[in-house]
Every structure is written in C-alpha cells, then in structure tokens.
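Chemist: My structure is in start-v3.txt, and what it holds is compact mmCIF, C-alpha atoms:
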# COMPACT_ATOMS: atom_id res chain seq x y z
CA MET Y 1 13.08 18.54 24.35
CA SER Y 2 13.45 14.87 23.40
CA ILE Y 3 11.93 13.72 20.10
CA THR Y 4 11.41 9.99 19.68
CA ILE Y 5 10.23 8.24 16.54
CA ILE Y 6 8.89 4.75 17.18
CA GLY Y 7 9.40 2.75 14.00
CA GLY Y 8 12.19 2.91 11.44
CA GLY Y 9 10.15 2.22 8.33
CA ALA Y 10 9.38 4.56 5.46
CA ALA Y 11 7.40 7.13 7.43
CA GLY Y 12 9.72 7.09 10.43
CA LEU Y 13 12.83 7.59 8.32
CA ALA Y 14 11.22 10.40 6.31
CA CYS Y 15 10.19 12.16 9.52
CA ALA Y 16 13.72 11.85 10.92
CA ALA Y 17 15.16 13.19 7.65
CA VAL Y 18 12.93 16.29 7.71
CA LEU Y 19 13.73 16.95 11.37
CA SER Y 20 17.45 16.46 10.71
CA LYS Y 21 17.36 18.93 7.85
CA ALA Y 22 16.00 21.50 10.31
CA GLY Y 23 18.89 20.70 12.64
CA ILE Y 24 16.65 18.99 15.20
CA LYS Y 25 18.02 16.00 17.11
CA ASN Y 26 15.78 12.92 17.18
CA THR Y 27 15.91 9.23 18.02
CA ILE Y 28 14.46 6.31 16.05
CA ILE Y 29 13.54 3.20 18.05
CA GLU Y 30 13.32 0.13 15.79
CA ARG Y 31 12.66 -3.40 16.97
CA ASN Y 32 14.42 -4.99 13.96
CA PRO Y 33 18.22 -5.18 13.50
CA ARG Y 34 18.03 -2.62 10.67
CA VAL Y 35 15.73 0.15 9.50
CA GLY Y 36 13.77 0.21 6.23
CA LYS Y 37 13.57 -3.57 5.83
CA LYS Y 38 10.08 -3.49 4.29
CA LEU Y 39 11.05 -0.57 2.06
CA LEU Y 40 13.64 -2.76 0.31
CA MET Y 41 10.92 -5.19 -0.78
CA THR Y 42 8.55 -2.67 -2.35
CA GLY Y 43 8.06 -2.57 -6.11
CA ASN Y 44 9.79 -5.95 -6.48
CA GLY Y 45 12.96 -4.42 -5.08
CA ARG Y 46 12.76 -1.30 -7.23
CA CYS Y 47 10.72 0.80 -4.76
CA ASN Y 48 7.68 2.39 -6.36
CA LEU Y 49 8.09 5.43 -4.10
CA GLY Y 50 5.10 7.49 -5.27
CA HIS Y 51 2.54 8.24 -7.93
CA THR Y 52 1.69 11.18 -10.13
CA PRO Y 53 -0.87 12.53 -10.46
CA LEU Y 54 -2.34 11.64 -7.09
CA GLU Y 55 -5.85 10.22 -7.47
CA MET Y 56 -7.77 10.48 -4.21
CA SER Y 57 -10.16 7.77 -5.45
CA ARG Y 58 -7.23 5.40 -4.87
CA TYR Y 59 -7.27 6.08 -1.12
CA HIS Y 60 -9.46 4.49 1.54
CA GLY Y 61 -10.28 5.09 5.19
CA ASP Y 62 -10.21 8.75 6.27
CA VAL Y 63 -9.75 10.16 2.78
CA ALA Y 64 -10.64 13.73 3.82
CA LEU Y 65 -7.67 13.71 6.20
CA ALA Y 66 -5.41 12.49 3.40
CA GLU Y 67 -6.62 15.29 1.14
CA GLU Y 68 -5.81 17.83 3.86
CA VAL Y 69 -2.29 16.45 4.34
CA PHE Y 70 -1.61 16.33 0.61
CA ARG Y 71 -2.73 19.95 0.20
CA ASP Y 72 0.72 21.32 1.15
CA TRP Y 73 2.68 18.29 -0.03
CA LYS Y 74 5.05 18.99 -2.94
CA GLY Y 75 5.14 15.37 -4.14
CA SER Y 76 7.48 12.47 -3.60
CA GLU Y 77 9.73 13.24 -6.56
CA ALA Y 78 10.35 16.81 -5.37
CA PHE Y 79 10.87 15.53 -1.81
CA PHE Y 80 13.54 13.05 -2.87
CA ASN Y 81 15.14 15.40 -5.38
CA ASP Y 82 15.64 17.74 -2.44
CA LEU Y 83 17.47 14.93 -0.63
CA GLY Y 84 19.67 14.27 -3.66
CA LEU Y 85 17.85 11.28 -5.20
CA ILE Y 86 16.92 11.44 -8.90
CA CYS Y 87 13.67 9.75 -9.89
CA ARG Y 88 11.91 8.64 -13.05
CA THR Y 89 8.20 8.14 -13.79
CA ASP Y 90 6.79 5.35 -15.96
CA ASN Y 91 3.87 5.63 -18.37
CA SER Y 92 1.39 4.71 -15.63
CA GLY Y 93 2.53 7.49 -13.28
CA ARG Y 94 4.51 5.23 -10.95
CA ILE Y 95 7.62 6.94 -9.60
CA TYR Y 96 10.88 5.00 -9.10
CA PRO Y 97 14.44 5.93 -8.20
CA TYR Y 98 16.49 6.48 -11.36
CA SER Y 99 18.79 3.65 -10.24
CA ASN Y 100 15.76 1.31 -10.29
CA THR Y 101 16.73 -0.14 -6.91
CA ALA Y 102 15.13 0.32 -3.49
CA ASN Y 103 18.57 0.46 -1.87
CA SER Y 104 19.04 3.95 -3.31
CA VAL Y 105 15.90 5.18 -1.55
CA LEU Y 106 16.93 3.68 1.79
CA ASP Y 107 20.48 4.99 1.48
CA THR Y 108 19.19 8.49 0.68
CA LEU Y 109 16.93 8.53 3.72
CA ARG Y 110 19.62 7.19 6.05
CA HIS Y 111 22.17 9.72 4.83
CA ALA Y 112 19.62 12.49 5.39
CA CYS Y 113 19.20 11.49 9.05
CA THR Y 114 22.22 13.51 10.12
CA HIS Y 115 20.80 14.38 13.54
CA THR Y 116 19.26 10.96 14.25
CA GLU Y 117 20.31 8.37 16.82
CA PHE Y 118 19.26 4.82 15.91
CA LEU Y 119 18.30 2.37 18.66
CA LEU Y 120 18.00 -0.97 16.85
CA ASN Y 121 16.81 -4.34 18.17
CA THR Y 122 14.83 -2.34 20.70
CA GLU Y 123 11.22 -3.06 21.61
CA CYS Y 124 9.32 0.00 22.80
CA THR Y 125 6.98 -1.22 25.54
CA GLU Y 126 5.71 2.18 26.64
CA ILE Y 127 5.42 5.64 25.13
CA PRO Y 128 8.50 7.75 26.06
CA LYS Y 129 8.37 11.24 27.52
CA GLY Y 130 8.68 14.32 25.34
CA THR Y 131 7.51 14.54 21.73
CA VAL Y 132 6.74 11.13 20.23
CA ILE Y 133 6.01 10.17 16.63
CA LEU Y 134 4.26 6.83 16.18
CA ALA Y 135 5.41 5.35 12.86
CA THR Y 136 4.64 1.80 13.85
CA GLY Y 137 3.30 0.62 10.50
CA SER Y 138 1.00 -2.38 10.66
CA ARG Y 139 1.47 -3.04 14.39
CA GLN Y 140 -1.71 -2.71 16.43
CA LEU Y 141 -1.48 0.33 18.68
CA THR Y 142 -2.77 0.78 22.22
CA ILE Y 143 -3.07 4.41 23.31
CA ASP Y 144 -4.90 5.54 26.43
CA ASN Y 145 -8.14 7.44 25.74
CA VAL Y 146 -7.81 6.98 21.96
CA GLN Y 147 -10.39 4.97 20.01
CA LEU Y 148 -8.73 3.01 17.20
CA THR Y 149 -10.09 1.62 13.95
CA ILE Y 150 -9.56 -2.14 13.77
CA THR Y 151 -6.64 -3.08 11.54
CA LYS Y 152 -6.79 -5.79 8.87
CA PRO Y 153 -4.45 -7.08 6.17
CA SER Y 154 -4.92 -5.37 2.80
CA LEU Y 155 -3.48 -5.55 -0.70
CA CYS Y 156 -2.99 -9.31 -0.55
CA PRO Y 157 -3.69 -12.39 -2.72
CA ILE Y 158 -7.20 -13.81 -2.45
CA ILE Y 159 -7.72 -17.43 -1.40
CA THR Y 160 -10.25 -19.31 -3.50
CA ASP Y 161 -11.32 -22.86 -4.44
CA PRO Y 162 -8.11 -24.82 -5.19
CA ASN Y 163 -10.03 -27.07 -7.57
CA LEU Y 164 -10.37 -24.04 -9.83
CA THR Y 165 -6.85 -22.63 -9.54
CA ARG Y 166 -4.59 -25.65 -9.00
CA PRO Y 167 -4.81 -26.86 -12.64
CA LEU Y 168 -3.90 -23.32 -13.76
CA LYS Y 169 -1.03 -22.74 -11.32
CA GLY Y 170 1.60 -20.37 -12.70
CA ILE Y 171 -0.49 -19.10 -15.61
CA ARG Y 172 -1.09 -15.34 -16.00
CA VAL Y 173 -3.94 -13.68 -17.88
CA ILE Y 174 -5.00 -10.11 -18.61
CA ALA Y 175 -8.60 -9.55 -17.55
CA ASP Y 176 -11.29 -7.18 -16.39
CA CYS Y 177 -11.60 -8.15 -12.72
CA HIS Y 178 -14.73 -7.47 -10.70
CA ALA Y 179 -15.13 -7.59 -6.93
CA ILE Y 180 -18.64 -8.85 -6.18
CA ARG Y 181 -20.51 -8.78 -2.90
CA ASN Y 182 -24.06 -10.08 -2.51
CA GLY Y 183 -24.39 -10.37 -6.27
CA LYS Y 184 -23.37 -6.77 -7.03
CA ILE Y 185 -20.15 -5.43 -8.52
CA ILE Y 186 -18.59 -3.13 -5.92
CA LYS Y 187 -15.23 -2.45 -7.61
CA SER Y 188 -13.51 -3.26 -10.90
CA GLU Y 189 -9.86 -3.32 -11.99
CA TYR Y 190 -8.12 -4.19 -15.25
CA GLY Y 191 -4.77 -5.96 -15.29
CA GLU Y 192 -2.77 -9.13 -14.92
CA VAL Y 193 -4.05 -12.02 -12.82
CA GLN Y 194 -1.90 -14.94 -11.70
CA PHE Y 195 -3.33 -18.32 -10.78
CA ASN Y 196 -1.66 -19.97 -7.77
CA GLU Y 197 -2.15 -23.25 -5.90
CA ASN Y 198 -5.19 -22.00 -3.99
CA SER Y 199 -5.30 -18.27 -4.68
CA LEU Y 200 -5.45 -15.44 -7.19
CA SER Y 201 -2.82 -12.70 -7.18
CA GLY Y 202 -1.66 -9.71 -9.19
CA ILE Y 203 -1.94 -5.96 -8.63
CA CYS Y 204 -5.60 -5.77 -9.66
CA ILE Y 205 -6.53 -8.68 -7.37
CA MET Y 206 -4.67 -7.14 -4.42
CA ASN Y 207 -6.44 -3.82 -4.98
CA LEU Y 208 -9.80 -5.61 -4.99
CA SER Y 209 -8.97 -7.47 -1.76
CA ARG Y 210 -9.32 -4.13 0.09
CA HIS Y 211 -13.07 -4.17 -0.64
CA GLU Y 212 -13.73 -7.58 0.96
CA PRO Y 213 -15.72 -9.21 -1.87
CA ASP Y 214 -17.35 -12.61 -1.61
CA THR Y 215 -16.62 -13.41 -5.28
CA ILE Y 216 -14.08 -12.42 -7.92
CA SER Y 217 -15.33 -12.45 -11.51
CA LEU Y 218 -12.92 -12.41 -14.46
CA ASP Y 219 -13.73 -11.24 -17.97
CA LEU Y 220 -10.91 -12.87 -19.92
CA THR Y 221 -11.75 -11.14 -23.19
CA PRO Y 222 -12.80 -7.50 -22.57
CA GLU Y 223 -12.19 -6.74 -26.25
CA PHE Y 224 -14.65 -9.37 -27.53
CA SER Y 225 -18.40 -9.82 -27.13
CA ILE Y 226 -20.09 -13.18 -26.64
CA GLU Y 227 -21.27 -13.02 -30.25
CA GLN Y 228 -17.71 -12.52 -31.51
CA LEU Y 229 -16.43 -15.36 -29.31
CA ARG Y 230 -18.79 -17.83 -30.97
CA SER Y 231 -16.65 -17.69 -34.10
CA ILE Y 232 -13.24 -17.77 -32.37
CA SER Y 233 -11.38 -20.90 -31.31
CA LEU Y 234 -10.48 -20.89 -27.60
CA SER Y 235 -7.07 -22.36 -28.40
CA GLY Y 236 -6.34 -19.21 -30.38
CA LEU Y 237 -7.00 -17.07 -27.31
CA PHE Y 238 -5.72 -18.87 -24.23
CA HIS Y 239 -3.09 -21.11 -22.70
CA SER Y 240 -3.93 -24.77 -23.32
CA ARG Y 241 -4.75 -25.42 -19.65
CA ILE Y 242 -7.17 -22.50 -19.55
CA THR Y 243 -8.75 -23.76 -22.77
CA GLN Y 244 -9.22 -27.19 -21.17
CA ALA Y 245 -10.89 -25.65 -18.13
CA LEU Y 246 -13.21 -23.43 -20.18
CA GLU Y 247 -14.25 -26.13 -22.63
CA LYS Y 248 -16.18 -27.77 -19.79
CA GLN Y 249 -18.12 -24.54 -19.11
CA PRO Y 250 -20.77 -22.48 -20.96
CA LEU Y 251 -19.26 -19.93 -23.36
CA GLU Y 252 -20.46 -17.11 -21.10
CA THR Y 253 -17.92 -18.21 -18.47
CA ILE Y 254 -15.21 -16.49 -20.51
CA LYS Y 255 -16.89 -13.16 -19.73
CA SER Y 256 -17.67 -13.89 -16.08
CA TRP Y 257 -15.48 -16.64 -14.65
CA CYS Y 258 -16.34 -16.65 -10.96
CA PHE Y 259 -14.03 -17.57 -8.07
CA PRO Y 260 -15.43 -17.67 -4.51
CA VAL Y 261 -13.45 -15.71 -1.92
CA LYS Y 262 -12.45 -18.02 0.93
CA GLY Y 263 -9.98 -15.73 2.65
CA TYR Y 264 -6.79 -13.74 2.17
CA VAL Y 265 -3.09 -14.57 2.18
CA ALA Y 266 -2.43 -12.25 5.12
CA GLU Y 267 1.31 -12.97 5.35
CA LYS Y 268 1.71 -11.51 1.85
CA ALA Y 269 -0.31 -8.36 2.57
CA GLN Y 270 1.51 -5.23 1.43
CA ILE Y 271 -0.17 -3.00 4.01
CA THR Y 272 -2.64 -2.97 6.87
CA ALA Y 273 -5.89 -1.03 6.64
CA GLY Y 274 -7.19 0.74 9.75
CA GLY Y 275 -5.38 2.58 12.52
CA VAL Y 276 -5.88 5.89 14.33
CA PRO Y 277 -8.99 7.60 12.86
CA ALA Y 278 -9.16 11.25 11.77
CA LYS Y 279 -11.54 12.15 14.59
CA GLU Y 280 -8.72 11.51 17.08
CA LEU Y 281 -6.19 13.68 15.23
CA ASN Y 282 -5.44 17.36 14.79
CA PRO Y 283 -4.62 18.62 11.26
CA ASP Y 284 -0.89 18.31 12.04
CA LEU Y 285 -1.46 14.61 12.89
CA SER Y 286 -0.96 15.08 16.62
CA LEU Y 287 -3.44 13.37 18.91
CA LYS Y 288 -6.22 15.57 20.26
CA ALA Y 289 -6.06 13.73 23.60
CA ARG Y 290 -2.25 13.92 23.79
CA PRO Y 291 -0.85 16.67 21.50
CA ASN Y 292 2.75 15.65 22.19
CA ILE Y 293 2.13 12.41 20.29
CA TYR Y 294 1.98 12.35 16.48
CA VAL Y 295 0.77 9.49 14.30
CA ILE Y 296 2.03 9.02 10.74
CA GLY Y 297 2.09 6.57 7.85
CA GLU Y 298 0.34 3.24 8.06
CA ALA Y 299 -0.56 3.80 11.71
CA VAL Y 300 -3.20 6.32 10.56
CA ASN Y 301 -6.54 5.13 9.18
CA VAL Y 302 -5.50 5.93 5.62
CA ASP Y 303 -4.40 3.37 3.04
CA GLY Y 304 -4.06 3.33 -0.72
CA ASP Y 305 -4.04 1.03 -3.70
CA CYS Y 306 -0.93 -0.47 -5.27
CA GLY Y 307 1.10 1.90 -7.40
CA GLY Y 308 3.04 4.07 -4.94
CA TYR Y 309 0.02 5.52 -3.15
CA ASN Y 310 0.91 4.14 0.27
CA LEU Y 311 4.50 5.38 0.19
CA GLU Y 312 3.24 8.76 -1.03
CA TRP Y 313 1.10 8.88 2.12
CA ALA Y 314 4.03 7.76 4.29
CA TRP Y 315 6.27 10.60 3.07
CA ALA Y 316 3.52 13.25 3.12
CA SER Y 317 2.27 12.42 6.62
CA ALA Y 318 5.83 12.31 7.95
CA TYR Y 319 6.53 15.69 6.36
CA ARG Y 320 3.36 17.21 7.89
CA ALA Y 321 4.22 16.01 11.41
CA ALA Y 322 7.92 16.95 11.20
CA LYS Y 323 7.14 20.47 9.95
CA SER Y 324 4.69 20.98 12.81
CA ILE Y 325 7.28 19.85 15.35
CA SER Y 326 9.88 22.15 13.79
CA ARG Y 327 7.56 25.15 14.00
CA ASN Y 328 6.77 24.42 17.63
CA ILE Y 329 10.45 24.29 18.52
CA ILE Y 330 11.17 27.56 16.74
CA LYS Y 331 8.35 29.21 18.72
Rewrite the structure from the file as structure tokens, please.
Modeler:
Amino acid sequence: MSITIIGGGAAGLACAAVLSKAGIKNTIIERNPRVGKKLLMTGNGRCNLGHTPLEMSRYHGDVALAEEVFRDWKGSEAFFNDLGLICRTDNSGRIYPYSNTANSVLDTLRHACTHTEFLLNTECTEIPKGTVILATGSRQLTIDNVQLTITKPSLCPIITDPNLTRPLKGIRVIADCHAIRNGKIIKSEYGEVQFNENSLSGICIMNLSRHEPDTISLDLTPEFSIEQLRSISLSGLFHSRITQALEKQPLETIKSWCFPVKGYVAEKAQITAGGVPAKELNPDLSLKARPNIYVIGEAVNVDGDCGGYNLEWAWASAYRAAKSISRNIIK
C-alpha cells in the first residue's frame, strides 16, 4: 500500500518520522527545493517547538477536535527526546531545542525519516492513489465532497494609520494591549509592542490579529493609575518621541492610546487560520467522505497563538494520523 504525504513542513516531516519508526515506507511530495523551510524561521531561528503546559484557551477554530487529539499526546519534548533531540523550557513554558537553533529540529526530523522517499520541486496537482496525508500548511485545499472553512492570514502585524506610527518607527514599549470591536474589548494581551512605518507588531499584537478587531488600544502604564500619572513627568516614563506624541493628547491617552485597524501584513503572517473543519473528519483525522485521506497540521481548522502552540498541534496531529495508519497496516 502506497503512503504519500503531501507537504514537507513540520507536520509532514513528523508524520513521516512516526511512520518510519514503525518501519513503514512513505513518500513526501514537496513543491520547494528543500523540506522544512518555514520551520527554520520559527522562533527567530531558534524554533519554539512547543509549549508546556498546554492551554486550550490559546487555540482557535475546532478546539474540541484539538482537545481530542491532545488527549493521547505525550508532549513535544517527550516526542523529540524519543527522536534523540534534547530540549529546554524557558520561564514562560516555551520549549526550544537545547542547541537553541531550528536546524537541530529539522536535522532530527530528517534523520528520523529512515523509510521516506523525498520528491522535491514537485507540484502535486491531484491526490494520488493509496493512503494520502495532506500536510499542505497554509495552501488552500480543494477536495471533492468536502466543505472547507475559508482560510485567512493570522498571527501577523496590524496595519494602522501611518501618521500615528511613522514618528515612532523602531520604538518598542511594554503595554496592556486590547483588541476592540464595535467599542467592546474582545481580547487582551500583555507584552512588547513595536511601532513600524505603518503598522504595529510584536507577539501580543499578532495574537490579537486573530480576533479581527477594528481598533487596538494600548495602556502604556498598567502599573499606574491616571491619578498617579498626574504627578509623574512623561519624560521619566517614555522614549522622547513617544513623550512628544503624548504631550499633544489628553493624559487619559496614556491608558487607552487607540490605533485604527486598517488591515494586516499578510506576507508576514506566521500561520493561516481555517482549513478542513472537524465535522468533515474522523477522530483519527481521516476524512469521513474519503477515509484513505488524512488531514494534519495547519490544513485542519485548528490554529493557536504564538508561543509554540501551532507546532505542538503540528506534531500531535501528525502523530495521531501516523499511529492510525500504522494500526491499519498491522491489521
């Protein structure tokens, strides 16, 4: 029985590694000249490969499906330890390879694919015969008789009024950040915000982009009340260019500096939200309409916040599908 994995990204490689460990031959079809290209860019080149503990509130889309898949998942650190890669966890629960470089993660996965044939620079125009695993990442899928959730860029910088951000370009602040829609706060994050030519960026901003706000509000001084700020010089709190911008505004602006959302920097999106919905999938991530086809990773309607959540899903979903295929072969 032929087993074809379409896509040589994180999920595809993990699936091939699990199948290889069971002694099962498989083929990865990848349209790029090398596999794992996007994996090398994650975590600023360090590869934040997972998170502990897993917080399901950090996932979006078909969260119930993610919970089901994670139920028998041993965790990314245990998964990679089993492949020979040593990891370390920072104070925020983000898991990295001990080497602190994404190359170690990619090398570990490639070396684990002992029963895998790689077809690179190959565009897959139709679904092959046999067992197929769709690990196509952010690419829009077309599958007969399968209703898909529309995909959209997620975890990306937010475009705003350049008149507000251009004078502050390159400056970073720590703030309470609020995503606002129709005048109501729909999500809040705390962290670093960077001002760019015509956009806001930073982990907290990218997490808020998932919720499609119409306004971003920044509280630049979460530790201080308005009353306390009345007796504090702005120059003692902020960069001189931020002080200049705020001096023209009411004092309350420090606690709720609003930036209209004019769009998203899609080309810098870390992931794509949307994909194959849970209603189209069996618990083992095979399609109900075509049980010989599995869908894993970003191609499923599950996505997470920054911090290793999306790679955790990539590994876990790949593991679930590969284990199901292995059991079916043994039968």
Chemist: List as a PyMOL selection string the residues having at least one atom at most 8 Å from position (-11.0, 5.1, 4.6) as given in the file, counting only C-alpha atoms.
Modeler: chain Y and resi 59-63+274+301-303
Chemist: What is the distance between atom CA of Y:Thr101 and atom CA of Y:Ser76, in Å to one decimal?
Modeler: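 Atom CA of Y:Thr101 sits 16.0 Å away from atom CA of Y:Ser76.
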Chemist: Hey, which of Y:Arg88, Y:Arg110, Y:His115, Y:Arg290 ends up closest to Y:Val35? Count all atoms listed in the file.
Modeler: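 Once distances to Y:Val35 are computed over all atoms listed in the file, the minimum belongs to Y:Arg110.
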Chemist: Could you give me, as a tab-separated table, every stretch 108-194 of chain Y residue with an atom at most 12 Å from stretch 246-270 of chain Y, plus its closest atom pair and distance in Å to one decimal, counting all atoms listed in the file, rows ordered by chain then number?
Modeler:
residue	atom	partner	partner_atom	distance
Y:Gly137	CA	Y:Gln270	CA	10.9
Y:Ser138	CA	Y:Gln270	CA	9.7
Y:Thr151	CA	Y:Ala266	CA	12.0
Y:Lys152	CA	Y:Ala266	CA	8.6
Y:Pro153	CA	Y:Ala269	CA	5.6
Y:Ser154	CA	Y:Ala269	CA	5.5
Y:Leu155	CA	Y:Ala269	CA	5.4
Y:Cys156	CA	Y:Ala269	CA	4.2
Y:Pro157	CA	Y:Val265	CA	5.4
Y:Ile158	CA	Y:Tyr264	CA	4.6
Y:Ile159	CA	Y:Gly263	CA	4.9
Y:Thr160	CA	Y:Val261	CA	5.1
Y:Asp161	CA	Y:Pro260	CA	6.6
Y:Pro162	CA	Y:Phe259	CA	9.8
Y:Asn163	CA	Y:Phe259	CA	10.3
Y:Leu164	CA	Y:Phe259	CA	7.6
Y:Thr165	CA	Y:Phe259	CA	8.9
Y:Pro167	CA	Y:Leu246	CA	11.8
Y:Leu168	CA	Y:Leu246	CA	11.3
Y:Val173	CA	Y:Ile254	CA	11.9
Y:Ala175	CA	Y:Lys255	CA	9.3
Y:Asp176	CA	Y:Lys255	CA	8.8
Y:Cys177	CA	Y:Ser256	CA	9.0
Y:His178	CA	Y:Ser256	CA	8.9
Y:Ala179	CA	Y:Val261	CA	9.7
Y:Ile180	CA	Y:Cys258	CA	9.4
Y:Arg181	CA	Y:Val261	CA	9.9
Y:Asn182	CA	Y:Pro260	CA	11.7
Y:Gly183	CA	Y:Cys258	CA	11.2
Y:Ile185	CA	Y:Ser256	CA	11.6
Chemist: How many Å lie between atom CA of Y:Glu223 and atom CA of Y:Asn198, rounded to one decimal?
Modeler: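 Spanning atom CA of Y:Glu223 to atom CA of Y:Asn198 is a straight-line distance of 27.9 Å.
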Chemist: Using atom CA of Y:Leu40 and atom CA of Y:Leu106 as the two end points, give the distance in Å to one decimal.
Modeler: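 Taking atom CA of Y:Leu40 and atom CA of Y:Leu106, their separation equals 7.4 Å.
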Chemist: Let me make sure I understand: among Y:Leu119, Y:Val69, Y:Ala16, Y:Ile28, which one has the smallest atom-to-atom distance to Y:Asp284 if we use all atoms listed in the file?
Modeler: Y:Val69
Chemist: Restricting the calculation to only C-alpha atoms: of Y:Cys306, Y:Ala112, Y:Leu285, Y:Ile186, which residue gets closest to Y:Ile203?
Modeler: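 When distances to Y:Ile203 are compared using only C-alpha atoms, the smallest one comes from Y:Cys306.
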Chemist: Extract, using all atoms listed in the file, all DNA, RNA and protein residues at most 12 Å from Y:Leu237, discarding same-chain residues fewer than 2 positions from it, and format them as a list of chain:residue names.
Modeler: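 Contacts, with the query itself left out: Y:Val173, Y:Ile174, Y:Leu220, Y:Thr221, Y:Glu223, Y:Phe224, Y:Leu229, Y:Ser231, Y:Ile232, Y:Ser233, Y:Leu234, Y:Ser235, Y:His239, Y:Ser240, Y:Arg241, Y:Ile242, Y:Thr243, Y:Leu246, Y:Ile254.
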Chemist: Nearest residue to Y:Ile95 out of Y:Ala321, Y:Leu148, Y:Leu208, Y:Leu311, using all atoms listed in the file?
Modeler: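 Closest residue, counting all atoms listed in the file: Y:Leu311.
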Chemist: Using only C-alpha atoms, which of Y:Ala322, Y:Glu212, Y:Pro291, Y:Gly308 sits nearest Y:Glu77?
Modeler: Y:Gly308
Chemist: Extract, using all atoms listed in the file, all DNA, RNA and protein residues at most 8 Å from Y:Ile86, discarding same-chain residues fewer than 5 positions from it, and format them as a PDB file with C-alpha atoms, in the frame of the given file.
Modeler:
ATOM      1  CA  GLU Y  77       9.730  13.240  -6.560  1.00  0.00           C
ATOM      2  CA  PHE Y  80      13.540  13.050  -2.870  1.00  0.00           C
ATOM      3  CA  ASN Y  81      15.140  15.400  -5.380  1.00  0.00           C
ATOM      4  CA  PRO Y  97      14.440   5.930  -8.200  1.00  0.00           C
ATOM      5  CA  TYR Y  98      16.490   6.480 -11.360  1.00  0.00           C
TER       6      TYR Y  98
END
Chemist: Env of Y:Gly75: 12 Å cut, atoms = all atoms listed in the file, seq-sep filter 2 positions within chain, self excluded. Answer as a list in words.
Modeler: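 Contacts, in chain order: Leu49, Gly50, His51, Thr52, Pro53, Leu54, Val69, Phe70, Arg71, Asp72, Trp73, Glu77, Ala78, Phe79, Phe80, Asn81, Asp82, Cys87, Ile95, Gly308, Tyr309, Leu311, Glu312, Trp313, Ala314, Trp315, Ala316, Ser317 and Tyr319 of chain Y.
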Chemist: Tell me which protein, DNA and RNA residues are within 12 Å of Y:Ile330, counting only C-alpha atoms, leaving out same-chain ones fewer than 2 positions away, and put them as a list in words.
Modeler: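 The residues satisfying every condition are Met1, Ala22, Gly23, Ile24, Lys323, Ser324, Ile325, Ser326, Arg327 and Asn328 of chain Y.
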Chemist: Create the file for the chosen residues now, containing C-alpha atoms and written as an mmCIF file, keeping the file's coordinate frame.
Modeler:
data_model
loop_
_atom_site.group_PDB
_atom_site.id
_atom_site.type_symbol
_atom_site.label_atom_id
_atom_site.label_comp_id
_atom_site.auth_asym_id
_atom_site.auth_seq_id
_atom_site.Cartn_x
_atom_site.Cartn_y
_atom_site.Cartn_z
ATOM 1 C CA MET Y 1 13.080 18.540 24.350
ATOM 2 C CA ALA Y 22 16.000 21.500 10.310
ATOM 3 C CA GLY Y 23 18.890 20.700 12.640
ATOM 4 C CA ILE Y 24 16.650 18.990 15.200
ATOM 5 C CA LYS Y 323 7.140 20.470 9.950
ATOM 6 C CA SER Y 324 4.690 20.980 12.810
ATOM 7 C CA ILE Y 325 7.280 19.850 15.350
ATOM 8 C CA SER Y 326 9.880 22.150 13.790
ATOM 9 C CA ARG Y 327 7.560 25.150 14.000
ATOM 10 C CA ASN Y 328 6.770 24.420 17.630
#
